[in-house]
Amino acid sequence: MTSVTTGNGIELLRNWYGANSRLIKHKLADGRVYEYDYLFDRNYEVVETTVNLPNGRKKKFFFNRGTLVQQR
């Protein structure tokens, strides 16, 4: 899904995707933007995702074999 638009043509959100169809950017109707960075292991599985929040802060999510194990 790249975008969601109302019947009146108002875009509620837009998504951008990178390698392997992973979400890299998410923009909401109010202009807030979330950006996503991924860290992979040698098997190309995601082990860490960093979400860059609209306020400039970052939130990190850590995975083990596809299961969320910690967030900071």
# chains A, B, ... in the order shown; residues from 1 in each chain; ligands from 1
>>> residues_around(residues="Pro54 of chain A", least_positions_apart="6", cutoff="8 Å", atoms="only C-alpha atoms", output="MDAnalysis selection string")
chainID A and resid 32:34
>>> write_last_selection(atoms="C-alpha atoms", output="mmCIF file, in the first residue's frame")
data_model
loop_
_atom_site.group_PDB
_atom_site.id
_atom_site.type_symbol
_atom_site.label_atom_id
_atom_site.label_comp_id
_atom_site.auth_asym_id
_atom_site.auth_seq_id
_atom_site.Cartn_x
_atom_site.Cartn_y
_atom_site.Cartn_z
ATOM 1 C CA ARG A 32 4.276 14.171 10.399
ATOM 2 C CA VAL A 33 6.962 11.936 8.905
ATOM 3 C CA TYR A 34 8.354 8.700 10.336
#
>>> select_by_dssp(residues="segment 23-62 of chain A", states="strand (DSSP E or B)", output="NGL selection string")
:A and (23-28 or 33-40 or 46-52 or 58-62)
>>> write_last_selection(atoms="C-alpha atoms", output="PDB file, in the first residue's frame")
ATOM      1  CA  LEU A  23       8.883   0.485   4.697  1.00  0.00           C
ATOM      2  CA  ILE A  24      11.387   3.366   4.781  1.00  0.00           C
ATOM      3  CA  LYS A  25       9.137   6.421   5.178  1.00  0.00           C
ATOM      4  CA  HIS A  26       5.594   7.058   6.368  1.00  0.00           C
ATOM      5  CA  LYS A  27       3.906  10.470   6.049  1.00  0.00           C
ATOM      6  CA  LEU A  28       0.587  11.309   7.726  1.00  0.00           C
ATOM      7  CA  VAL A  33       6.962  11.936   8.905  1.00  0.00           C
ATOM      8  CA  TYR A  34       8.354   8.700  10.336  1.00  0.00           C
ATOM      9  CA  GLU A  35      11.489   7.187   8.782  1.00  0.00           C
ATOM     10  CA  TYR A  36      12.722   3.627   9.241  1.00  0.00           C
ATOM     11  CA  ASP A  37      16.261   2.216   9.171  1.00  0.00           C
ATOM     12  CA  TYR A  38      17.058  -1.479   9.394  1.00  0.00           C
ATOM     13  CA  LEU A  39      20.059  -3.489  10.571  1.00  0.00           C
ATOM     14  CA  PHE A  40      20.398  -7.031   9.211  1.00  0.00           C
ATOM     15  CA  VAL A  46      16.172  -7.765  10.523  1.00  0.00           C
ATOM     16  CA  VAL A  47      17.794  -7.634  13.959  1.00  0.00           C
ATOM     17  CA  GLU A  48      17.213  -3.940  14.682  1.00  0.00           C
ATOM     18  CA  THR A  49      14.835  -1.277  13.407  1.00  0.00           C
ATOM     19  CA  THR A  50      15.286   2.399  14.191  1.00  0.00           C
ATOM     20  CA  VAL A  51      12.243   4.642  13.809  1.00  0.00           C
ATOM     21  CA  ASN A  52      13.045   8.322  13.388  1.00  0.00           C
ATOM     22  CA  LYS A  58      14.594   7.830  17.716  1.00  0.00           C
ATOM     23  CA  LYS A  59      12.985   4.629  18.897  1.00  0.00           C
ATOM     24  CA  LYS A  60      14.784   1.292  18.490  1.00  0.00           C
ATOM     25  CA  PHE A  61      13.295  -2.172  18.183  1.00  0.00           C
ATOM     26  CA  PHE A  62      15.402  -5.341  18.501  1.00  0.00           C
TER      27      PHE A  62
END
>>> atom_distance(atom1="atom CA of Arg22 of chain A", atom2="atom CA of Met1 of chain A")
11.5 Å
>>> atom_distance(atom1="atom CA of Leu68 of chain A", atom2="atom CA of Val4 of chain A")
27.3 Å
